[in-house]
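Visitor: Contents are mmCIF, C-alpha atoms; file name input-v4.cif:
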data_my_file
#
loop_
_atom_site.label_atom_id
_atom_site.label_comp_id
_atom_site.auth_asym_id
_atom_site.auth_seq_id
_atom_site.Cartn_x
_atom_site.Cartn_y
_atom_site.Cartn_z
CA MET C 777 24.38 -0.89 27.38
CA GLU C 778 21.71 -1.68 24.88
CA LYS C 779 19.14 1.01 24.44
CA ILE C 780 15.75 0.39 25.99
CA TYR C 781 13.11 2.60 24.42
CA ASP C 782 10.19 3.85 26.42
CA VAL C 783 7.91 3.27 23.43
CA VAL C 784 8.38 1.28 20.24
CA ILE C 785 5.59 1.81 17.73
CA ILE C 786 4.97 -0.69 14.95
CA GLY C 787 3.64 1.09 11.87
CA ALA C 788 4.09 4.62 10.55
CA GLY C 789 0.56 5.30 9.41
CA PRO C 790 -1.57 8.04 10.99
CA ALA C 791 -2.09 6.00 14.21
CA GLY C 792 1.62 5.27 14.64
CA LEU C 793 2.70 8.81 13.75
CA SER C 794 0.17 10.32 16.15
CA ALA C 795 1.34 7.98 18.92
CA GLY C 796 4.92 8.94 18.08
CA LEU C 797 4.14 12.62 18.26
CA TYR C 798 2.42 12.36 21.64
CA ALA C 799 5.04 10.00 23.09
CA ALA C 800 8.00 12.07 21.96
CA ARG C 801 6.36 15.27 23.08
CA GLY C 802 5.92 13.61 26.49
CA LYS C 803 9.72 13.26 26.59
CA MET C 804 9.65 9.51 26.17
CA SER C 805 12.32 7.89 24.02
CA THR C 806 10.29 6.84 21.00
CA LEU C 807 10.99 4.66 18.00
CA ILE C 808 8.59 4.21 15.08
CA LEU C 809 9.18 1.17 12.89
CA GLU C 810 7.79 0.82 9.37
CA LYS C 811 8.30 -2.12 7.05
CA ASP C 812 7.03 -0.50 3.88
CA LYS C 813 5.97 3.00 2.92
CA THR C 814 5.60 5.73 5.50
CA GLY C 815 1.99 6.74 5.92
CA GLY C 816 0.29 3.40 5.43
CA GLN C 817 -2.89 3.22 3.41
CA ILE C 818 -3.59 6.94 3.44
CA SER C 819 -0.41 7.60 1.46
CA THR C 820 -2.06 6.01 -1.56
CA THR C 821 -5.12 8.26 -1.29
CA ASN C 822 -5.45 11.36 -3.40
CA GLU C 823 -8.05 13.28 -1.58
CA VAL C 824 -8.53 13.50 2.17
CA ALA C 825 -11.65 15.59 2.40
CA ASN C 826 -12.96 14.42 5.75
CA TYR C 827 -10.03 15.02 8.07
CA PRO C 828 -10.90 18.18 10.00
CA GLY C 829 -8.67 21.04 8.99
CA SER C 830 -7.23 19.29 5.96
CA ILE C 831 -8.74 21.55 3.34
CA GLU C 832 -5.68 22.96 1.68
CA ASN C 833 -3.49 20.52 -0.23
CA ALA C 834 -5.23 17.62 1.44
CA THR C 835 -3.69 14.64 -0.28
CA GLY C 836 -2.70 11.54 1.68
CA PRO C 837 1.04 12.00 1.11
CA SER C 838 1.01 15.72 2.04
CA LEU C 839 -0.87 15.02 5.27
CA VAL C 840 1.54 12.21 6.12
CA ALA C 841 4.58 14.38 5.36
CA ARG C 842 3.33 16.96 7.85
CA MET C 843 2.74 14.29 10.50
CA VAL C 844 6.25 12.93 10.01
CA GLU C 845 7.74 16.38 10.31
CA GLN C 846 5.89 16.96 13.58
CA CYS C 847 7.02 13.60 14.96
CA LYS C 848 10.64 14.29 14.19
CA GLU C 849 10.45 17.79 15.57
CA PHE C 850 9.53 16.34 18.95
CA GLY C 851 12.36 13.85 18.72
CA ALA C 852 10.78 10.57 17.65
CA GLU C 853 13.14 8.22 15.81
CA MET C 854 11.98 6.46 12.65
CA LYS C 855 13.47 3.29 11.16
CA LYS C 856 12.65 0.99 8.30
CA ASP C 857 12.52 -2.60 9.53
CA THR C 858 10.16 -5.56 9.51
CA ILE C 859 9.43 -7.12 12.89
CA LYS C 860 9.50 -10.92 12.72
CA GLU C 861 8.89 -11.84 16.34
CA VAL C 862 7.85 -10.21 19.60
CA GLN C 863 8.44 -11.31 23.18
CA VAL C 864 6.04 -9.56 25.53
CA GLU C 865 6.12 -11.71 28.68
CA GLY C 866 8.82 -9.79 30.56
CA LYS C 867 8.80 -6.28 31.93
CA ILE C 868 11.06 -5.33 29.02
CA LYS C 869 9.54 -6.27 25.67
CA VAL C 870 11.71 -7.52 22.82
CA LEU C 871 11.04 -6.95 19.12
CA VAL C 872 13.10 -9.00 16.70
CA GLY C 873 13.41 -7.28 13.35
CA GLU C 874 15.01 -8.25 10.05
CA LYS C 875 17.75 -5.71 10.61
CA GLU C 876 17.96 -5.25 14.39
CA THR C 877 16.52 -6.35 17.70
CA TYR C 878 14.79 -3.67 19.76
CA LYS C 879 13.97 -3.47 23.46
CA ALA C 880 11.12 -1.42 24.88
CA LYS C 881 9.13 -0.74 28.02
CA THR C 882 5.96 -0.51 25.96
CA ILE C 883 4.80 -1.46 22.46
CA ILE C 884 2.12 0.33 20.50
CA MET C 885 0.87 -1.88 17.69
CA ALA C 886 -0.34 0.32 14.83
CA GLY C 887 0.26 -2.07 11.95
CA GLY C 888 -2.93 -1.16 10.14
CA ALA C 889 -4.66 -3.18 7.47
CA SER C 890 -3.95 -3.96 3.84
CA PRO C 891 -6.29 -4.33 0.87
CA ARG C 892 -8.17 -7.60 0.61
CA LEU C 893 -7.79 -9.57 -2.61
CA MET C 894 -10.76 -10.76 -4.67
CA ASP C 895 -9.27 -14.25 -4.50
CA VAL C 896 -10.19 -15.29 -8.06
CA PRO C 897 -8.15 -17.08 -10.75
CA GLY C 898 -5.81 -14.78 -12.67
CA GLU C 899 -5.81 -12.02 -10.06
CA LYS C 900 -2.34 -12.64 -8.64
CA LYS C 901 -0.72 -13.31 -12.01
CA LEU C 902 -2.12 -10.09 -13.48
CA THR C 903 -1.43 -7.78 -10.52
CA GLY C 904 0.61 -4.93 -11.93
CA LYS C 905 -0.56 -6.05 -15.37
CA GLY C 906 -3.94 -4.35 -15.22
CA VAL C 907 -5.12 -5.49 -11.78
CA SER C 908 -4.37 -2.83 -9.17
CA TYR C 909 -5.13 -1.95 -5.55
CA CYS C 910 -3.54 1.50 -5.71
CA ALA C 911 -5.15 4.22 -7.83
CA THR C 912 -2.48 6.83 -7.07
CA CYS C 913 0.20 4.39 -8.21
CA ASP C 914 -1.37 3.17 -11.41
CA ALA C 915 -4.20 5.47 -12.57
CA ASP C 916 -1.91 7.23 -15.01
CA PHE C 917 -1.34 4.06 -17.07
CA PHE C 918 -5.03 4.01 -17.96
CA THR C 919 -5.24 7.45 -19.54
CA ASP C 920 -7.92 7.08 -22.28
CA PHE C 921 -8.44 3.41 -21.44
CA GLU C 922 -11.41 1.69 -19.84
CA VAL C 923 -11.35 0.86 -16.15
CA PHE C 924 -13.45 -1.29 -13.83
CA VAL C 925 -13.61 -0.54 -10.12
CA ILE C 926 -14.61 -3.50 -7.97
CA GLY C 927 -16.39 -2.67 -4.70
CA GLY C 928 -19.02 -0.29 -3.35
CA GLY C 929 -17.53 1.28 -0.23
CA ASP C 930 -15.97 4.71 0.31
CA SER C 931 -12.60 3.73 -1.14
CA ALA C 932 -14.08 2.13 -4.24
CA VAL C 933 -16.37 5.04 -5.11
CA GLU C 934 -13.84 7.77 -4.27
CA GLU C 935 -11.17 6.11 -6.37
CA ALA C 936 -13.69 5.62 -9.19
CA ILE C 937 -14.25 9.38 -9.21
CA HIS C 938 -10.49 9.98 -9.17
CA LEU C 939 -9.98 7.54 -12.04
CA THR C 940 -12.37 9.50 -14.29
CA LYS C 941 -9.61 12.11 -14.57
CA PHE C 942 -7.60 9.52 -16.50
CA ALA C 943 -9.79 6.78 -17.97
CA ARG C 944 -12.31 7.40 -20.74
CA LYS C 945 -14.87 5.28 -18.92
CA VAL C 946 -15.10 3.92 -15.38
CA THR C 947 -17.49 1.12 -14.46
CA VAL C 948 -18.16 0.38 -10.80
CA VAL C 949 -18.95 -3.30 -10.23
CA HIS C 950 -20.63 -4.02 -6.92
CA ARG C 951 -21.92 -7.25 -5.43
CA ARG C 952 -25.04 -5.63 -3.99
CA ASP C 953 -27.73 -3.47 -5.56
CA GLU C 954 -26.75 -0.33 -3.67
CA LEU C 955 -23.52 1.33 -2.63
CA ARG C 956 -22.15 1.27 0.90
CA ALA C 957 -20.21 4.53 0.41
CA ALA C 958 -21.17 7.75 2.20
CA LYS C 959 -24.13 9.53 0.59
CA SER C 960 -22.12 12.61 -0.40
CA ILE C 961 -19.62 10.44 -2.26
CA GLN C 962 -22.41 8.47 -3.92
CA GLU C 963 -24.04 11.66 -5.18
CA LYS C 964 -20.79 12.81 -6.74
CA ALA C 965 -20.39 9.47 -8.47
CA PHE C 966 -23.97 9.33 -9.78
CA LYS C 967 -23.55 12.81 -11.27
CA ASN C 968 -20.31 11.90 -13.03
CA GLU C 969 -21.03 11.15 -16.68
CA LYS C 970 -17.99 8.94 -17.08
CA ILE C 971 -19.09 6.51 -14.35
CA GLU C 972 -21.42 3.58 -14.98
CA PHE C 973 -22.58 0.93 -12.54
CA ILE C 974 -23.05 -2.82 -12.74
CA TRP C 975 -25.04 -4.14 -9.76
CA ASP C 976 -25.26 -7.55 -8.07
CA THR C 977 -22.09 -8.63 -9.80
CA VAL C 978 -18.75 -10.09 -8.79
CA VAL C 979 -15.58 -11.01 -10.66
CA GLU C 980 -15.17 -14.73 -11.37
CA GLU C 981 -11.87 -14.68 -13.24
CA VAL C 982 -9.31 -12.34 -14.77
CA LYS C 983 -7.68 -13.49 -18.01
CA GLY C 984 -4.73 -12.37 -20.05
CA ASP C 985 -1.28 -13.26 -21.26
CA GLY C 986 1.10 -10.66 -19.85
CA LEU C 987 -1.62 -8.01 -19.61
CA VAL C 988 -5.29 -8.11 -18.61
CA GLU C 989 -7.28 -9.02 -21.73
CA SER C 990 -10.67 -10.02 -20.35
CA VAL C 991 -12.66 -10.38 -17.17
CA VAL C 992 -15.47 -12.79 -16.37
CA PHE C 993 -18.33 -11.31 -14.33
CA LYS C 994 -21.00 -13.27 -12.51
CA ASN C 995 -24.41 -11.95 -11.59
CA VAL C 996 -24.94 -13.12 -8.03
CA LYS C 997 -28.74 -13.19 -8.39
CA SER C 998 -29.11 -15.01 -11.72
CA GLY C 999 -25.78 -16.85 -11.71
CA GLU C 1000 -25.29 -15.66 -15.29
CA LEU C 1001 -21.69 -15.29 -16.53
CA HIS C 1002 -20.51 -12.53 -18.84
CA GLU C 1003 -17.03 -12.08 -20.28
CA TYR C 1004 -15.84 -8.57 -21.08
CA HIS C 1005 -13.00 -8.28 -23.60
CA ALA C 1006 -10.57 -5.41 -24.00
CA ASP C 1007 -11.22 -2.96 -26.80
CA GLU C 1008 -9.16 -4.23 -29.74
CA GLU C 1009 -7.28 -1.01 -30.21
CA ASP C 1010 -6.48 -0.67 -26.46
CA GLY C 1011 -5.50 -4.30 -26.01
CA THR C 1012 -6.02 -4.03 -22.26
CA PHE C 1013 -7.97 -2.29 -19.50
CA GLY C 1014 -7.73 -1.70 -15.76
CA ILE C 1015 -9.33 -3.52 -12.85
CA PHE C 1016 -9.02 -1.59 -9.58
CA VAL C 1017 -9.97 -3.67 -6.57
CA PHE C 1018 -11.34 -2.12 -3.35
CA VAL C 1019 -13.19 -4.94 -1.61
CA GLY C 1020 -12.23 -4.37 1.99
CA TYR C 1021 -9.19 -4.85 4.18
CA LEU C 1022 -7.25 -7.42 6.18
CA PRO C 1023 -5.68 -6.45 9.52
CA GLN C 1024 -1.90 -6.84 9.65
CA THR C 1025 -1.82 -8.62 13.01
CA GLU C 1026 -0.20 -11.96 12.13
CA LEU C 1027 2.78 -11.05 14.33
CA PHE C 1028 0.61 -11.12 17.46
CA LYS C 1029 -1.25 -14.35 16.75
CA GLU C 1030 -1.70 -16.33 19.97
CA ILE C 1031 -0.15 -13.42 21.91
CA LEU C 1032 -2.90 -10.82 21.80
CA ASP C 1033 -6.66 -11.30 21.82
CA MET C 1034 -8.25 -10.74 18.43
CA ASP C 1035 -11.63 -11.21 16.82
CA LYS C 1036 -12.41 -13.77 14.11
CA ALA C 1037 -11.22 -11.45 11.36
CA GLY C 1038 -7.90 -10.83 13.15
CA TYR C 1039 -8.57 -7.35 14.52
CA LEU C 1040 -6.99 -6.73 17.95
CA ILE C 1041 -9.34 -6.36 20.89
CA THR C 1042 -8.64 -3.40 23.19
CA ASP C 1043 -10.43 -1.43 25.88
CA ASP C 1044 -11.20 2.29 25.59
CA ASN C 1045 -7.61 3.09 26.63
CA MET C 1046 -6.11 1.00 23.81
CA ASN C 1047 -4.91 -1.65 26.29
CA THR C 1048 -4.63 -5.14 24.85
CA ASN C 1049 -4.75 -8.22 27.08
CA VAL C 1050 -0.99 -7.88 27.69
CA ALA C 1051 0.10 -5.10 30.07
CA GLY C 1052 2.34 -2.58 28.33
CA VAL C 1053 1.18 -3.56 24.86
CA PHE C 1054 -1.29 -1.18 23.22
CA ALA C 1055 -3.04 -1.20 19.85
CA ALA C 1056 -4.10 1.78 17.76
CA GLY C 1057 -5.66 2.48 14.38
CA ASP C 1058 -7.08 0.20 11.70
CA CYS C 1059 -5.64 -3.00 13.20
CA ARG C 1060 -7.99 -2.93 16.20
CA VAL C 1061 -11.69 -3.68 16.58
CA LYS C 1062 -13.62 -0.43 16.04
CA SER C 1063 -16.62 0.92 14.21
CA LEU C 1064 -14.94 3.52 12.02
CA ARG C 1065 -11.54 3.18 10.35
CA GLN C 1066 -10.52 6.67 9.22
CA VAL C 1067 -7.50 8.95 9.69
CA VAL C 1068 -9.40 10.91 12.29
CA THR C 1069 -10.05 7.85 14.46
CA ALA C 1070 -6.56 6.45 13.88
CA VAL C 1071 -4.82 9.57 15.18
CA ALA C 1072 -7.15 9.64 18.19
CA ASP C 1073 -6.23 6.02 19.01
CA GLY C 1074 -2.55 6.85 18.65
CA ALA C 1075 -2.76 9.77 21.06
CA ILE C 1076 -4.64 7.75 23.69
CA ALA C 1077 -2.20 4.82 23.38
CA ALA C 1078 0.82 7.10 23.84
CA ILE C 1079 -0.60 8.80 26.94
CA GLN C 1080 -1.57 5.43 28.42
CA ALA C 1081 1.94 4.12 27.70
CA GLU C 1082 3.36 7.07 29.59
CA LYS C 1083 1.08 6.33 32.57
CA TYR C 1084 1.99 2.65 32.46
CA ILE C 1085 5.71 3.43 32.53
CA ALA C 1086 5.23 5.82 35.46
CA ASN C 1087 3.41 3.10 37.39
CA VAL C 1088 5.58 0.13 36.59
CA PHE C 1089 9.08 1.50 36.13
CA GLU C 1090 9.21 4.50 38.45
CA GLU C 1091 8.70 4.36 42.17
CA MET O 433 20.96 5.31 -10.71
CA LEU O 434 20.84 6.42 -14.30
CA ALA O 435 17.51 8.01 -15.20
CA VAL O 436 16.25 6.91 -18.60
CA ASP O 437 13.29 8.24 -20.58
CA LYS O 438 11.32 7.20 -23.63
CA ASP O 439 14.10 8.43 -25.91
CA THR O 440 17.03 6.75 -24.17
CA PHE O 441 15.36 3.51 -22.99
CA GLU O 442 16.03 1.75 -26.31
CA LYS O 443 19.74 2.47 -26.23
CA GLU O 444 20.35 2.08 -22.49
CA VAL O 445 18.21 -1.02 -21.92
CA LEU O 446 17.08 -2.81 -25.08
CA GLU O 447 20.35 -2.41 -26.97
CA ALA O 448 22.56 -2.86 -23.93
CA GLU O 449 24.70 -5.93 -23.54
CA GLY O 450 24.64 -7.82 -20.25
CA ALA O 451 22.29 -7.29 -17.33
CA VAL O 452 20.20 -4.14 -16.84
CA LEU O 453 17.84 -3.61 -13.92
CA VAL O 454 14.99 -1.19 -14.56
CA ASP O 455 13.14 0.51 -11.69
CA TYR O 456 9.73 1.54 -13.08
CA TRP O 457 8.44 4.29 -10.81
CA SER O 458 6.53 7.58 -10.71
CA GLU O 459 6.30 10.63 -8.48
CA GLY O 460 2.72 9.78 -7.45
CA CYS O 461 3.64 6.26 -6.35
CA GLU O 462 4.49 6.27 -2.63
CA PRO O 463 5.50 2.58 -2.49
CA CYS O 464 7.96 3.28 -5.34
CA LYS O 465 9.59 6.08 -3.40
CA ALA O 466 9.79 3.91 -0.27
CA LEU O 467 11.50 1.16 -2.27
CA MET O 468 14.01 3.30 -4.14
CA PRO O 469 16.64 3.58 -1.34
CA ASP O 470 16.70 -0.23 -1.22
CA ILE O 471 17.33 -0.42 -4.96
CA GLU O 472 20.07 2.20 -4.63
CA ALA O 473 21.66 0.05 -1.90
CA LEU O 474 21.56 -2.94 -4.24
CA GLU O 475 23.26 -0.83 -6.89
CA GLU O 476 26.11 -0.29 -4.40
CA ALA O 477 26.45 -4.04 -4.04
CA TYR O 478 25.82 -5.23 -7.59
CA GLY O 479 26.58 -2.16 -9.67
CA ASP O 480 29.73 -3.74 -11.08
CA THR O 481 27.87 -6.53 -12.84
CA VAL O 482 24.39 -5.06 -13.32
CA LYS O 483 23.52 -1.69 -14.80
CA PHE O 484 20.84 0.06 -12.70
CA VAL O 485 18.42 2.48 -14.39
CA LYS O 486 15.11 4.09 -13.40
CA LEU O 487 12.21 5.06 -15.65
CA ASP O 488 9.56 7.59 -14.63
CA THR O 489 6.50 6.07 -16.27
CA THR O 490 4.39 9.24 -16.21
CA LYS O 491 6.40 10.49 -19.15
CA ALA O 492 6.76 7.08 -20.80
CA ARG O 493 3.34 5.49 -20.46
CA ARG O 494 3.21 3.82 -23.87
CA LEU O 495 6.73 2.51 -23.50
CA ALA O 496 5.85 0.97 -20.12
CA ILE O 497 2.72 -0.67 -21.48
CA LYS O 498 4.76 -2.04 -24.41
CA GLN O 499 7.09 -3.54 -21.80
CA LYS O 500 3.94 -5.04 -20.20
CA VAL O 501 4.29 -2.89 -17.13
CA LEU O 502 0.90 -1.61 -15.96
CA GLY O 503 1.50 -1.30 -12.24
CA LEU O 504 4.01 0.27 -9.90
CA PRO O 505 6.43 -0.37 -8.44
CA THR O 506 7.87 -2.87 -10.93
CA ILE O 507 11.52 -3.88 -10.92
CA ALA O 508 12.51 -5.74 -14.09
CA LEU O 509 15.75 -7.45 -15.02
CA TYR O 510 16.87 -7.42 -18.65
CA LYS O 511 19.65 -9.49 -20.17
CA ASN O 512 20.97 -8.52 -23.59
CA GLY O 513 17.83 -6.47 -24.17
CA GLU O 514 15.35 -9.21 -23.22
CA LYS O 515 13.23 -8.96 -20.09
CA ILE O 516 13.94 -12.16 -18.18
CA GLU O 517 12.19 -11.60 -14.88
CA GLU O 518 10.37 -8.96 -12.87
CA VAL O 519 8.83 -8.37 -9.47
CA THR O 520 5.90 -6.04 -8.91
CA LYS O 521 3.75 -4.50 -6.16
CA GLU O 522 3.95 -6.39 -2.84
CA ASP O 523 6.59 -8.72 -4.27
CA ALA O 524 8.87 -5.82 -5.12
CA SER O 525 10.93 -6.00 -1.92
CA LYS O 526 14.66 -5.62 -1.45
CA ALA O 527 15.03 -9.33 -0.68
CA ASN O 528 13.10 -10.42 -3.77
CA VAL O 529 14.98 -8.04 -6.07
CA GLU O 530 18.29 -9.28 -4.66
CA ALA O 531 17.19 -12.90 -5.15
CA MET O 532 16.27 -12.11 -8.76
CA ILE O 533 19.70 -10.58 -9.40
CA LYS O 534 21.52 -13.52 -7.77
CA LYS O 535 19.50 -16.02 -9.80
CA HIS O 536 20.39 -14.54 -13.16
CA VAL O 537 23.73 -12.80 -12.79
#
Once you've parsed the file, please lay out its structure as structure tokens.

Guide:
Amino acid sequence: MEKIYDVVIIGAGPAGLSAGLYAARGKMSTLILEKDKTGGQISTTNEVANYPGSIENATGPSLVARMVEQCKEFGAEMKKDTIKEVQVEGKIKVLVGEKETYKAKTIIMAGGASPRLMDVPGEKKLTGKGVSYCATCDADFFTDFEVFVIGGGDSAVEEAIHLTKFARKVTVVHRRDELRAAKSIQEKAFKNEKIEFIWDTVVEEVKGDGLVESVVFKNVKSGELHEYHADEEDGTFGIFVFVGYLPQTELFKEILDMDKAGYLITDDNMNTNVAGVFAAGDCRVKSLRQVVTAVADGAIAAIQAEKYIANVFEE
Amino acid sequence: MLAVDKDTFEKEVLEAEGAVLVDYWSEGCEPCKALMPDIEALEEAYGDTVKFVKLDTTKARRLAIKQKVLGLPTIALYKNGEKIEEVTKEDASKANVEAMIKKHV
């Protein structure tokens, strides 16, 4: 007989791993599916200073590694697969993956969000050629080079500070005249001598043949354009983009209720509009998207899944 | 997969005859580490016709930049020492790498 899992979790970021830990610890058969890297967005973050208790060795990957270990200890299964289609009408839900088809009594959607692109000419062509969305992946290439960081939120400013360990100069380019990042992060950035700021400015175009060679900036107030060229000796420079996120909820389009931006709508118990399907973490509508709120969502979703199974499947 | 460095890259990749696939990666790059088992699986399937090597870019930064690689992960296919195609970042998936191999080899 084909295996029917109690809980199948989509996404192995903090929300999915927390759900997995709680579900498996509750003696439910639990499968966590991940299409890409374990850990989600946090695994590309160098410093996790605001997760309570994560003082020692608090990098994204180390925190994730500990979560994975805990999950497995309680008996959660983890597989790498990309889900292409879900059928949620029946009592038993079906998830069609690239590699396998899975059956489950409940689904916890913890697919997270991915970095938003600037959507300007040259950006796609020069990704991995100077344009980057992952400081931990690519910072090292820009040792002694110049780097621009696009954005003004927590991620942008934190990564700008991180990049000063490599680049000789880091310029934060923000579309408003003040940062959106937390005050404590802002203070650190303003004190850093290697960081400069360009306000009220967006990127219009990225240019280069094989590598980034220049970038065109536009002042949003005056409309004035300015092209910055790579230092002749360097030949190139970095553009790190942190301009927000897009929820990874395409799979549930027209199945689950979502807001205009594509974030899943849930109640306080992580219930979506379909019974037995829960959502947790960055992919749902919420006011704060952090590790600490993601793991809380995951825990609630897992406990609610357990209750749902007890009600629906057991007399 | 054969690990190459800045000293052996020339001989193993640029002076090599036939097809060589280079996995540009680094220890700090989580997506690279997630992808590597897929590349190793492709080596099982295509290892007879394509030579698979990996380069840790943290110790070969200038070499990588010279090869126009400034982002990870990047999987590049070389033929007779010339880079003919590459996939990088989000596009660096098992399916896309396999398609690239099938197209050229």

Visitor: Which residue is closest to chain O? Choose from C:Val870, C:Val979, C:Ala911, C:Ala1037 and count all atoms listed in the file.

Guide: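 Closest residue, counting all atoms listed in the file: C:Ala911.
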
Visitor: Expand the PyMOL selection byres ((chain O) within 7 of (chain C)) into the individual residues it matches in the shown file, reporting them as a ChimeraX atom specification.

Guide: /O:460-463,466,490,493,500-504,520-521

Visitor: If you measure from CA of Val1050 in chain C to CA of Phe1089 in chain C, what distance in Å do you get, rounded to one decimal?

Guide: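 Atom-to-atom, CA of Val1050 in chain C and CA of Phe1089 in chain C are spaced 16.1 Å apart.
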
Visitor: What separation in Å, quoted to one decimal, exists between CA of Glu845 in chain C and CA of Ala788 in chain C?

Guide: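 Spanning CA of Glu845 in chain C to CA of Ala788 in chain C is a straight-line distance of 12.3 Å.
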
Visitor: Which distance in Å separates CA of Glu530 in chain O and CA of Ala492 in chain O, to one decimal?

Guide: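 Taking CA of Glu530 in chain O as the start and CA of Ala492 in chain O as the end point, the length is 25.7 Å.
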
Visitor: Between C:Ser1063, C:Thr1025, C:Ser998, C:Thr882, which one has atoms that come closest to Asp976 in chain C, using all atoms listed in the file?

Guide: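 Nearest candidate to Asp976 in chain C out of C:Ser1063, C:Thr1025, C:Ser998, C:Thr882: C:Ser998.
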
Visitor: Give the answer as one residue: which of C:Ile884, C:Ala889, C:Ile868, C:Val933 has the shortest atom-to-atom distance to Val946 in chain C, using all atoms listed in the file?

Guide: C:Val933

Visitor: For a cutoff of 10 Å around the file-coordinate point (9.7, -10.1, -12.6), which residues qualify once you count all atoms listed in the file? I'd like the result as number ranges by chain.

Guide: O: 506-510, 515-520, 523-524, 528-529, 532

Visitor: Decode the PyMOL selection byres ((chain C and resi 994) around 8) for the given file into explicit residues and return them as a PyMOL selection string.

Guide: chain C and resi 977-980+992-993+995-996+999-1002

Visitor: Quick check on the file I pasted: which residues fall under the PyMOL selection byres ((chain C and resi 802) around 12)? Write them as a ChimeraX atom specification.

Guide: /C:782-783,795-801,803-806,847,850-852,1075,1078-1083,1085-1086

Visitor: Residues around (12.0, -5.3, 16.2), cut-off 8 Å, counting only C-alpha atoms - what are they as a PDB file with C-alpha atoms, keeping the file's coordinate frame?

Guide:
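Below is the file point_39.pdb, written as the result:
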ATOM      1  CA  LEU C 809       9.180   1.170  12.890  1.00  0.00           C
ATOM      2  CA  ASP C 857      12.520  -2.600   9.530  1.00  0.00           C
ATOM      3  CA  THR C 858      10.160  -5.560   9.510  1.00  0.00           C
ATOM      4  CA  ILE C 859       9.430  -7.120  12.890  1.00  0.00           C
ATOM      5  CA  LYS C 860       9.500 -10.920  12.720  1.00  0.00           C
ATOM      6  CA  GLU C 861       8.890 -11.840  16.340  1.00  0.00           C
ATOM      7  CA  VAL C 862       7.850 -10.210  19.600  1.00  0.00           C
ATOM      8  CA  VAL C 870      11.710  -7.520  22.820  1.00  0.00           C
ATOM      9  CA  LEU C 871      11.040  -6.950  19.120  1.00  0.00           C
ATOM     10  CA  VAL C 872      13.100  -9.000  16.700  1.00  0.00           C
ATOM     11  CA  GLY C 873      13.410  -7.280  13.350  1.00  0.00           C
ATOM     12  CA  GLU C 874      15.010  -8.250  10.050  1.00  0.00           C
ATOM     13  CA  GLU C 876      17.960  -5.250  14.390  1.00  0.00           C
ATOM     14  CA  THR C 877      16.520  -6.350  17.700  1.00  0.00           C
ATOM     15  CA  TYR C 878      14.790  -3.670  19.760  1.00  0.00           C
ATOM     16  CA  LYS C 879      13.970  -3.470  23.460  1.00  0.00           C
TER      17      LYS C 879
END

Visitor: Out of O:Lys465, O:Lys483, O:Lys491, O:Lys438, which residue has the shortest atom-to-atom distance to Gly513 in chain O when counting all atoms listed in the file?

Guide: O:Lys483

Visitor: Box for range 455-470 of chain O - axis-aligned, 3 Å on each of the six sides, all listed atoms - centre and size in Å to one decimal, as JSON.

Guide:
{"center_x": 9.7, "center_y": 5.2, "center_z": -6.7, "size_x": 20.0, "size_y": 16.9, "size_z": 18.8}

Visitor: Compare O:Glu447, O:Glu514, O:Glu476, O:Asp455 by their minimum atom-to-atom distance to Leu434 in chain O, counting only C-alpha atoms, and give me the closest one.

Guide: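 For Leu434 in chain O, the nearest of the given residues is O:Asp455.
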
Visitor: What's around Asp437 in chain O at 10 Å? Count all atoms listed in the file, leave out sequence neighbours fewer than 6 positions away in its own chain, and write the answer as a count of residues only.

Guide: 10

Visitor: Using all atoms listed in the file, can you tell me which of C:Phe942, C:Tyr827, C:Tyr1084, C:Tyr781 comes closest to Asn1045 in chain C?

Guide: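 Result for the nearest residue to Asn1045 in chain C: C:Tyr1084.
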